[in-house]
file target_4.txt (compact mmCIF, C-alpha atoms and all ligand atoms)
# COMPACT_ATOMS: atom_id res chain seq x y z
CA MET V 1 0.00 0.00 0.00
CA ASN V 2 0.97 3.59 -0.51
CA TRP V 3 1.86 4.66 3.07
CA PRO V 4 0.48 8.16 3.62
CA TYR V 5 1.19 8.49 7.34
CA PRO V 6 3.69 10.87 8.93
CA ARG V 7 6.69 9.91 11.07
CA ILE V 8 5.28 11.28 14.31
CA VAL V 9 1.92 10.37 15.85
CA ALA V 10 0.42 12.09 18.90
CA HIS V 11 -0.50 9.36 21.40
CA ARG V 12 -4.09 9.51 22.72
CA GLY V 13 -4.58 12.82 20.90
CA GLY V 14 -2.44 15.17 22.91
CA GLY V 15 0.06 12.93 24.65
CA LYS V 16 0.56 14.01 28.25
CA LEU V 17 -0.41 17.65 27.57
CA ALA V 18 -4.18 17.16 27.80
CA PRO V 19 -6.67 14.61 29.16
CA GLU V 20 -6.16 11.57 26.96
CA ASN V 21 -8.68 10.53 24.31
CA THR V 22 -10.74 13.75 24.39
CA LEU V 23 -11.58 16.38 21.78
CA ALA V 24 -9.50 18.83 23.82
CA ALA V 25 -6.53 16.50 23.46
CA ILE V 26 -6.96 16.46 19.69
CA ASP V 27 -7.00 20.26 19.68
CA VAL V 28 -3.77 20.30 21.69
CA GLY V 29 -2.19 17.85 19.25
CA ALA V 30 -3.23 20.12 16.38
CA HIS V 31 -1.91 23.16 18.23
CA TYR V 32 1.55 21.56 18.25
CA GLY V 33 1.26 20.97 14.53
CA HIS V 34 0.74 17.22 14.60
CA THR V 35 -0.78 15.72 11.50
CA MET V 36 -1.72 12.33 12.96
CA ILE V 37 -3.19 11.13 16.23
CA GLU V 38 -3.68 7.75 17.85
CA PHE V 39 -6.68 7.09 20.09
CA ASP V 40 -8.49 4.15 21.70
CA VAL V 41 -12.09 3.17 20.99
CA LYS V 42 -14.67 0.81 22.46
CA LEU V 43 -18.45 0.27 22.47
CA SER V 44 -21.07 1.42 24.94
CA LYS V 45 -23.69 -1.10 25.99
CA ASP V 46 -26.00 0.25 23.30
CA GLY V 47 -23.39 0.12 20.55
CA GLN V 48 -22.07 3.69 20.39
CA ILE V 49 -18.36 3.96 19.57
CA PHE V 50 -16.49 6.25 21.95
CA LEU V 51 -12.97 6.98 23.12
CA LEU V 52 -11.52 5.51 26.31
CA HIS V 53 -8.33 3.63 27.06
CA ASP V 54 -9.20 1.52 30.11
CA ASP V 55 -12.04 -0.96 30.50
CA THR V 56 -13.14 1.06 33.51
CA LEU V 57 -13.86 4.75 34.01
CA GLU V 58 -12.04 5.53 37.26
CA ARG V 59 -8.57 6.52 36.09
CA THR V 60 -9.54 9.08 33.47
CA SER V 61 -12.97 10.35 34.53
CA ASN V 62 -15.27 10.95 37.47
CA GLY V 63 -17.32 7.88 36.54
CA TRP V 64 -16.84 4.40 37.86
CA GLY V 65 -17.19 0.81 36.75
CA VAL V 66 -16.92 -0.89 33.39
CA ALA V 67 -17.61 1.73 30.72
CA GLY V 68 -18.86 -0.81 28.19
CA ALA V 69 -21.57 -1.90 30.62
CA LEU V 70 -23.18 1.57 30.45
CA ALA V 71 -25.46 3.04 27.81
CA TRP V 72 -24.33 6.17 25.97
CA ASP V 73 -26.83 8.37 27.85
CA ASP V 74 -25.03 7.53 31.09
CA LEU V 75 -21.54 7.82 29.62
CA LEU V 76 -22.46 11.30 28.38
CA LYS V 77 -22.78 12.47 31.99
CA VAL V 78 -19.18 11.60 32.77
CA ASP V 79 -16.52 14.30 33.12
CA ALA V 80 -13.41 13.08 31.29
CA GLY V 81 -11.32 16.22 31.81
CA GLY V 82 -11.48 17.29 35.44
CA TRP V 83 -9.14 14.50 36.63
CA TYR V 84 -6.39 16.07 34.51
CA GLY V 85 -6.87 19.67 35.57
CA GLY V 86 -9.41 22.39 36.19
CA ALA V 87 -9.00 23.90 32.74
CA PHE V 88 -10.41 20.71 31.22
CA LYS V 89 -13.31 20.22 33.62
CA GLY V 90 -16.51 19.29 31.79
CA GLU V 91 -14.73 17.65 28.86
CA LYS V 92 -16.87 14.78 27.59
CA LEU V 93 -16.08 11.30 26.44
CA PRO V 94 -16.12 11.79 22.66
CA LEU V 95 -17.95 9.70 20.11
CA LEU V 96 -15.94 8.41 17.17
CA SER V 97 -18.17 10.54 14.92
CA GLU V 98 -17.15 13.71 16.80
CA VAL V 99 -13.51 12.73 16.55
CA ALA V 100 -13.80 12.16 12.81
CA ALA V 101 -15.29 15.65 12.44
CA ARG V 102 -12.47 17.15 14.52
CA CYS V 103 -9.85 15.29 12.44
CA ARG V 104 -11.51 16.67 9.31
CA GLN V 105 -11.43 20.18 10.76
CA HIS V 106 -7.72 19.93 11.67
CA GLN V 107 -6.85 17.85 8.58
CA MET V 108 -5.33 15.20 10.80
CA MET V 109 -4.87 11.54 10.03
CA ALA V 110 -5.92 8.88 12.50
CA ASN V 111 -4.73 5.62 13.98
CA ILE V 112 -7.85 4.10 15.50
CA GLU V 113 -6.84 1.59 18.14
CA ILE V 114 -9.68 -0.87 18.65
CA LYS V 115 -9.61 -1.50 22.39
CA PRO V 116 -12.64 -3.71 23.06
CA THR V 117 -14.18 -4.17 26.47
CA THR V 118 -13.30 -7.71 27.56
CA GLY V 119 -15.42 -10.19 25.64
CA THR V 120 -16.53 -7.85 22.83
CA GLY V 121 -13.59 -8.13 20.41
CA PRO V 122 -15.28 -9.31 17.21
CA GLU V 123 -18.32 -7.04 17.54
CA THR V 124 -16.17 -4.02 18.32
CA GLY V 125 -13.85 -4.72 15.39
CA ARG V 126 -16.75 -5.07 12.98
CA VAL V 127 -18.70 -2.00 14.11
CA VAL V 128 -15.62 0.24 14.31
CA ALA V 129 -14.44 -0.72 10.83
CA LEU V 130 -17.85 -0.06 9.29
CA ALA V 131 -18.17 3.30 11.04
CA ALA V 132 -14.61 4.33 10.20
CA ARG V 133 -15.22 3.72 6.50
CA GLU V 134 -18.26 6.00 6.60
CA LEU V 135 -16.85 8.72 8.83
CA TRP V 136 -13.48 9.08 7.09
CA GLN V 137 -14.91 9.39 3.58
CA GLY V 138 -12.86 11.84 1.56
CA MET V 139 -10.00 11.80 4.09
CA THR V 140 -6.88 9.66 4.26
CA ALA V 141 -7.98 6.19 5.36
CA PRO V 142 -7.62 5.71 9.10
CA LEU V 143 -5.14 3.05 10.16
CA LEU V 144 -6.92 0.46 12.33
CA SER V 145 -4.91 -1.38 14.96
CA SER V 146 -5.53 -3.68 17.89
CA PHE V 147 -3.88 -6.02 20.34
CA GLU V 148 -6.95 -8.24 19.86
CA ILE V 149 -6.58 -10.52 16.91
CA ASP V 150 -10.30 -11.35 16.91
CA ALA V 151 -11.12 -7.65 16.62
CA LEU V 152 -8.75 -7.21 13.67
CA LYS V 153 -10.16 -10.33 12.00
CA ALA V 154 -13.67 -8.93 12.26
CA ALA V 155 -12.52 -5.55 10.95
CA GLN V 156 -10.82 -7.30 8.02
CA ALA V 157 -13.95 -9.29 7.20
CA ALA V 158 -16.22 -6.22 7.41
CA VAL V 159 -14.08 -3.67 5.58
CA PRO V 160 -11.06 -5.36 4.01
CA GLU V 161 -9.88 -2.19 2.28
CA LEU V 162 -9.12 -0.27 5.49
CA PRO V 163 -5.46 -0.65 6.45
CA ARG V 164 -4.69 -2.71 9.54
CA GLY V 165 -1.78 -2.88 11.95
CA LEU V 166 -1.12 -5.65 14.47
CA LEU V 167 -0.26 -4.35 17.95
CA LEU V 168 2.14 -6.35 20.09
CA ASP V 169 3.31 -5.57 23.58
CA GLU V 170 5.34 -8.77 23.73
CA TRP V 171 7.35 -10.31 20.94
CA ARG V 172 5.71 -13.20 19.11
CA ASP V 173 7.69 -15.51 16.89
CA ASP V 174 4.56 -16.08 14.79
CA TRP V 175 4.32 -12.38 13.83
CA ARG V 176 4.62 -13.19 10.14
CA ASP V 177 1.74 -15.69 10.15
CA LEU V 178 -0.41 -13.24 12.07
CA THR V 179 0.29 -10.22 9.89
CA ASP V 180 -0.10 -12.31 6.71
CA GLY V 181 -3.41 -13.77 7.86
CA LEU V 182 -4.77 -10.35 8.76
CA ALA V 183 -3.25 -8.74 5.63
CA CYS V 184 -1.68 -6.08 7.84
CA VAL V 185 0.19 -3.17 6.31
CA SER V 186 1.98 -2.49 9.58
CA ILE V 187 3.08 -3.86 12.91
CA HIS V 188 2.79 -1.66 16.01
CA LEU V 189 5.28 -2.58 18.67
CA ASN V 190 6.33 -1.56 22.11
CA HIS V 191 9.63 0.09 21.14
CA ARG V 192 11.49 -1.94 23.79
CA LEU V 193 10.95 -5.07 21.68
CA LEU V 194 13.03 -3.71 18.82
CA ASP V 195 16.66 -3.82 17.87
CA LYS V 196 18.21 -3.06 14.52
CA SER V 197 18.03 -6.62 13.23
CA ARG V 198 14.34 -7.04 14.12
CA VAL V 199 13.59 -3.80 12.28
CA SER V 200 15.38 -5.17 9.21
CA GLU V 201 13.52 -8.47 9.43
CA LEU V 202 10.12 -6.79 9.69
CA LYS V 203 10.92 -4.37 6.86
CA ALA V 204 12.11 -7.23 4.66
CA ALA V 205 8.68 -8.81 5.15
CA GLY V 206 7.15 -5.64 3.66
CA LEU V 207 5.69 -4.31 6.90
CA ARG V 208 5.65 -0.71 8.04
CA ILE V 209 6.63 -0.28 11.68
CA LEU V 210 4.98 1.97 14.28
CA VAL V 211 6.47 2.07 17.76
CA TYR V 212 4.92 3.21 21.02
CA THR V 213 5.28 4.99 23.37
CA VAL V 214 8.56 6.76 22.69
CA ASN V 215 9.12 9.80 24.90
CA ASP V 216 12.90 10.15 24.71
CA PRO V 217 14.04 12.13 21.64
CA GLN V 218 17.32 10.23 21.48
CA ARG V 219 15.53 6.90 21.41
CA ALA V 220 13.14 8.25 18.77
CA ALA V 221 16.10 9.27 16.61
CA THR V 222 17.70 5.84 16.99
CA LEU V 223 14.49 4.06 16.00
CA LEU V 224 13.97 6.28 12.95
CA GLY V 225 17.60 5.67 12.02
CA TRP V 226 16.96 1.91 12.04
CA GLY V 227 14.09 2.42 9.60
CA VAL V 228 11.06 2.60 11.88
CA ASP V 229 8.25 4.43 10.05
CA CYS V 230 6.20 5.97 12.87
CA ILE V 231 6.90 7.11 16.40
CA CYS V 232 3.86 7.33 18.67
CA THR V 233 4.69 9.73 21.48
CA ASP V 234 3.35 11.41 24.61
CA ARG V 235 6.01 14.15 24.33
CA ILE V 236 4.20 15.94 21.55
CA ASP V 237 6.11 19.14 22.30
CA GLU V 238 9.66 17.74 22.28
CA ILE V 239 9.02 15.14 19.58
CA GLY V 240 7.13 17.42 17.25
CA PRO V 241 5.80 16.86 13.74
CA ASP V 242 9.10 17.94 12.15
CA PHE V 243 11.25 15.69 14.33
CA SER V 244 13.84 13.74 12.38
CA ALA V 245 16.70 11.40 13.18
O1 LIG V 301 -1.44 2.18 19.72
C1 LIG V 301 -0.26 2.39 20.43
C2 LIG V 301 -0.50 2.42 21.91
O2 LIG V 301 -1.53 3.30 22.20
C3 LIG V 301 -0.81 1.07 22.49
O3 LIG V 301 -0.84 1.05 23.87
O4 LIG V 301 -1.98 1.03 26.04
O5 LIG V 301 -1.26 3.18 25.05
O6 LIG V 301 -3.17 1.95 24.08
P1 LIG V 301 -1.87 1.84 24.79
MG MG V 302 -3.66 3.16 22.34
call {"tool": "encode", "arguments": {"input": "target_4.txt", "output": "structure tokens", "more": "lines below"}}
Ligand code: G3P
Ligand code: MG
result
Amino acid sequence: MNWPYPRIVAHRGGGKLAPENTLAAIDVGAHYGHTMIEFDVKLSKDGQIFLLHDDTLERTSNGWGVAGALAWDDLLKVDAGGWYGGAFKGEKLPLLSEVAARCRQHQMMANIEIKPTTGTGPETGRVVALAARELWQGMTAPLLSSFEIDALKAAQAAVPELPRGLLLDEWRDDWRDLTDGLACVSIHLNHRLLDKSRVSELKAAGLRILVYTVNDPQRAATLLGWGVDCICTDRIDEIGPDFSA
């Protein structure tokens, strides 16, 4: 595939400079000039696609319990900004549709990480892929990724033309079988798993490589020097859109 994505990706919208996975975070990412963001999505009980990293609400909102067990009406009442700081109080959990509109406004590309609530992998993968195709019409195709192979399989079956990346937090010797089976364009790795020879091996297999979460500029430069394609970072100020090795 023609790889349209930039070298630097703002993790969870605005890295550590805003409450993660919110519209405010996307605005902060845009403010620093970023042209691509990563964010995490899951389903509400009634099938709405929204942004949240954890299964539960406690860490990044004033809500509590398993988010995916609640209907959207209840999730709408949650404050997803106040935990980070007073300036962000009242920030809502965003719907994927709102995020697509904000990406369109800022002309930003997206890496949609499918992060299903436990037990909902296939349904989440399917619904997210279908919605992403609709919502990103006329924009660069969003890159779908997931740690959950079942979610990626369902996304592949539903919308084969959307690019997919396999996320791994631990090395797997069967990476080639997995990425072949899912027809992935990329592999998204914890950067600690990589050395120069692994980068070469993955590149030789025709995969693009995204690494997370790289917050040290020196490490980012080393990884880019080895041939890594994308750095996903929380340090969106220090590792800016023009960062190069
Ligand atoms: O997609 C890259 C990265 O976001 C994966 O880890 O836990 O930050 O979603 P996590
Ligand atoms: Mg993520």
call {"tool": "closest_residue", "arguments": {"input": "target_4.txt", "among": "V:Gln218, V:Gln137, V:Asn190, V:Ser61", "to": "ligand LIG 301 (chain V)", "atoms": "only C-alpha atoms and all ligand atoms"}}
result
V:Asn190
call {"tool": "residues_near_ligand", "arguments": {"input": "target_4.txt", "ligand": "ligand MG 302 (chain V)", "cutoff": "10 Å", "atoms": "all atoms listed in the file", "output": "PyMOL selection string"}}
result
chain V and resi 11-13+20-21+38-41+52-54+111-115+145-147+167+212-213+232
call {"tool": "closest_residue", "arguments": {"input": "target_4.txt", "among": "V:Ser97, V:Glu170, V:Ala129, V:Met1", "to": "ligand LIG 301 (chain V)", "atoms": "only C-alpha atoms and all ligand atoms"}}
result
V:Glu170
call {"tool": "closest_residue", "arguments": {"input": "target_4.txt", "among": "V:Ser244, V:Ser197, V:Thr60, V:Ser186", "to": "Trp226 (chain V)", "atoms": "all atoms listed in the file"}}
result
V:Ser197
call {"tool": "closest_residue", "arguments": {"input": "target_4.txt", "among": "V:Gly90, V:Leu17, V:Ala69, V:Met139", "to": "Arg104 (chain V)", "atoms": "all atoms listed in the file"}}
result
V:Met139
call {"tool": "atom_distance", "arguments": {"input": "target_4.txt", "atom1": "CA of Leu223 (chain V)", "atom2": "CA of Leu210 (chain V)"}}
result
9.9 Å
call {"tool": "axis_aligned_box", "arguments": {"input": "target_4.txt", "around": "ligand LIG 301 (chain V)", "padding_each_side": "3 Å", "output": "lines of an AutoDock Vina configuration file"}}
result
center_x = -1.7
center_y = 2.2
center_z = 22.9
size_x = 8.9
size_y = 8.3
size_z = 12.3
call {"tool": "closest_residue", "arguments": {"input": "target_4.txt", "among": "V:Lys77, V:Arg59, V:Lys42, V:His106", "to": "Val127 (chain V)", "atoms": "only C-alpha atoms"}}
result
V:Lys42
call {"tool": "residues_around", "arguments": {"input": "target_4.txt", "residues": "Pro163 (chain V)", "least_positions_apart": "2", "cutoff": "8 Å", "atoms": "all atoms listed in the file", "output": "PyMOL selection string"}}
result
chain V and resi 141-144+160-161+165+184-185
call {"tool": "closest_residue", "arguments": {"input": "target_4.txt", "among": "V:Leu166, V:Leu193, V:Leu224, V:Met109", "to": "ligand LIG 301 (chain V)", "atoms": "only C-alpha atoms and all ligand atoms"}}
result
V:Leu166
call {"tool": "atom_distance", "arguments": {"input": "target_4.txt", "atom1": "CA of Leu43 (chain V)", "atom2": "CA of Val66 (chain V)"}}
result
11.1 Å
call {"tool": "atom_distance", "arguments": {"input": "target_4.txt", "atom1": "CA of Thr233 (chain V)", "atom2": "atom O5 of ligand LIG 301 (chain V)"}}
result
9.5 Å
call {"tool": "residues_around", "arguments": {"input": "target_4.txt", "residues": "Gln48 (chain V)", "least_positions_apart": "5", "cutoff": "12 Å", "atoms": "only C-alpha atoms", "output": "VMD selection string"}}
result
chain V and resid 41 to 43 67 to 76 93 to 98 123 to 124 127 to 128 131
call {"tool": "residues_near_point", "arguments": {"input": "target_4.txt", "point": "(7.9, 18.7, 19.1)", "cutoff": "12 Å", "atoms": "all atoms listed in the file", "output": "number ranges by chain"}}
result
V: 7-10, 14-15, 17, 29-35, 215-217, 220, 231, 233-244
call {"tool": "residues_around", "arguments": {"input": "target_4.txt", "residues": "Leu130 (chain V)", "least_positions_apart": "3", "cutoff": "7 Å", "atoms": "all atoms listed in the file", "output": "list in words"}}
result
Arg126, Val127, Arg133, Glu134, Ala158 and Val159 of chain V
call {"tool": "decode", "arguments": {"input": "target_4.txt", "residues": "region 68-81 of chain V", "atoms": "all heavy atoms", "output": "CSV table (one decimal), in the first residue's frame"}}
result
chain,number,residue,atom,x,y,z
V,68,GLY,N,-18.1,-0.1,29.2
V,68,GLY,CA,-18.9,-0.8,28.2
V,68,GLY,C,-20.1,-1.4,28.7
V,68,GLY,O,-21.0,-1.9,27.9
V,69,ALA,N,-20.3,-1.4,30.0
V,69,ALA,CA,-21.6,-1.9,30.6
V,69,ALA,C,-22.6,-0.8,30.7
V,69,ALA,O,-23.8,-1.1,31.1
V,69,ALA,CB,-21.3,-2.5,32.0
V,70,LEU,N,-22.3,0.4,30.4
V,70,LEU,CA,-23.2,1.6,30.4
V,70,LEU,C,-23.7,2.0,29.1
V,70,LEU,O,-23.0,1.9,28.1
V,70,LEU,CB,-22.5,2.8,31.1
V,70,LEU,CG,-22.0,2.6,32.5
V,70,LEU,CD1,-21.2,3.8,33.0
V,70,LEU,CD2,-23.2,2.3,33.5
V,71,ALA,N,-24.9,2.5,29.1
V,71,ALA,CA,-25.5,3.0,27.8
V,71,ALA,C,-24.9,4.4,27.6
V,71,ALA,O,-24.4,5.1,28.5
V,71,ALA,CB,-27.0,3.1,27.9
V,72,TRP,N,-24.9,4.9,26.3
V,72,TRP,CA,-24.3,6.2,26.0
V,72,TRP,C,-24.9,7.3,26.8
V,72,TRP,O,-24.2,8.2,27.2
V,72,TRP,CB,-24.4,6.4,24.5
V,72,TRP,CG,-23.8,7.7,24.1
V,72,TRP,CD1,-24.4,8.8,23.6
V,72,TRP,CD2,-22.4,8.0,24.3
V,72,TRP,NE1,-23.5,9.8,23.4
V,72,TRP,CE2,-22.3,9.4,23.8
V,72,TRP,CE3,-21.3,7.4,24.8
V,72,TRP,CZ2,-21.0,10.0,23.9
V,72,TRP,CZ3,-20.1,8.0,24.8
V,72,TRP,CH2,-19.9,9.3,24.4
V,73,ASP,N,-26.2,7.3,27.1
V,73,ASP,CA,-26.8,8.4,27.9
V,73,ASP,C,-26.1,8.6,29.2
V,73,ASP,O,-26.0,9.7,29.7
V,73,ASP,CB,-28.3,8.0,28.1
V,73,ASP,CG,-29.2,8.5,27.0
V,73,ASP,OD1,-28.7,9.1,26.1
V,73,ASP,OD2,-30.4,8.3,27.1
V,74,ASP,N,-25.7,7.5,29.8
V,74,ASP,CA,-25.0,7.5,31.1
V,74,ASP,C,-23.6,7.9,30.9
V,74,ASP,O,-23.0,8.7,31.7
V,74,ASP,CB,-25.1,6.2,31.8
V,74,ASP,CG,-26.6,5.9,32.3
V,74,ASP,OD1,-27.2,6.9,32.7
V,74,ASP,OD2,-27.0,4.8,32.1
V,75,LEU,N,-22.9,7.5,29.9
V,75,LEU,CA,-21.5,7.8,29.6
V,75,LEU,C,-21.4,9.3,29.3
V,75,LEU,O,-20.4,9.9,29.6
V,75,LEU,CB,-21.0,7.0,28.5
V,75,LEU,CG,-20.8,5.5,28.8
V,75,LEU,CD1,-20.5,4.7,27.6
V,75,LEU,CD2,-19.6,5.3,29.8
V,76,LEU,N,-22.5,9.9,28.7
V,76,LEU,CA,-22.5,11.3,28.4
V,76,LEU,C,-22.4,12.2,29.6
V,76,LEU,O,-21.9,13.3,29.5
V,76,LEU,CB,-23.8,11.6,27.7
V,76,LEU,CG,-23.8,12.0,26.2
V,76,LEU,CD1,-25.1,12.5,25.8
V,76,LEU,CD2,-22.7,13.1,25.9
V,77,LYS,N,-22.8,11.7,30.8
V,77,LYS,CA,-22.8,12.5,32.0
V,77,LYS,C,-21.4,12.5,32.6
V,77,LYS,O,-21.2,13.3,33.6
V,77,LYS,CB,-23.8,11.9,33.0
V,77,LYS,CG,-25.2,11.9,32.5
V,77,LYS,CD,-26.1,11.2,33.5
V,77,LYS,CE,-27.5,11.0,32.8
V,77,LYS,NZ,-28.1,9.7,33.3
V,78,VAL,N,-20.5,11.7,32.1
V,78,VAL,CA,-19.2,11.6,32.8
V,78,VAL,C,-18.3,12.8,32.4
V,78,VAL,O,-18.3,13.2,31.2
V,78,VAL,CB,-18.6,10.2,32.3
V,78,VAL,CG1,-17.1,10.2,32.6
V,78,VAL,CG2,-19.3,9.1,33.0
V,79,ASP,N,-17.5,13.3,33.4
V,79,ASP,CA,-16.5,14.3,33.1
V,79,ASP,C,-15.2,13.6,32.9
V,79,ASP,O,-14.6,13.0,33.8
V,79,ASP,CB,-16.4,15.2,34.3
V,79,ASP,CG,-15.4,16.3,34.2
V,79,ASP,OD1,-14.5,16.2,33.3
V,79,ASP,OD2,-15.5,17.3,34.9
V,80,ALA,N,-14.7,13.8,31.7
V,80,ALA,CA,-13.4,13.1,31.3
V,80,ALA,C,-12.2,14.0,31.3
V,80,ALA,O,-11.1,13.7,30.8
V,80,ALA,CB,-13.6,12.4,29.9
V,81,GLY,N,-12.4,15.2,31.8
V,81,GLY,CA,-11.3,16.2,31.8
V,81,GLY,C,-10.9,16.7,33.2
V,81,GLY,O,-9.7,17.0,33.4
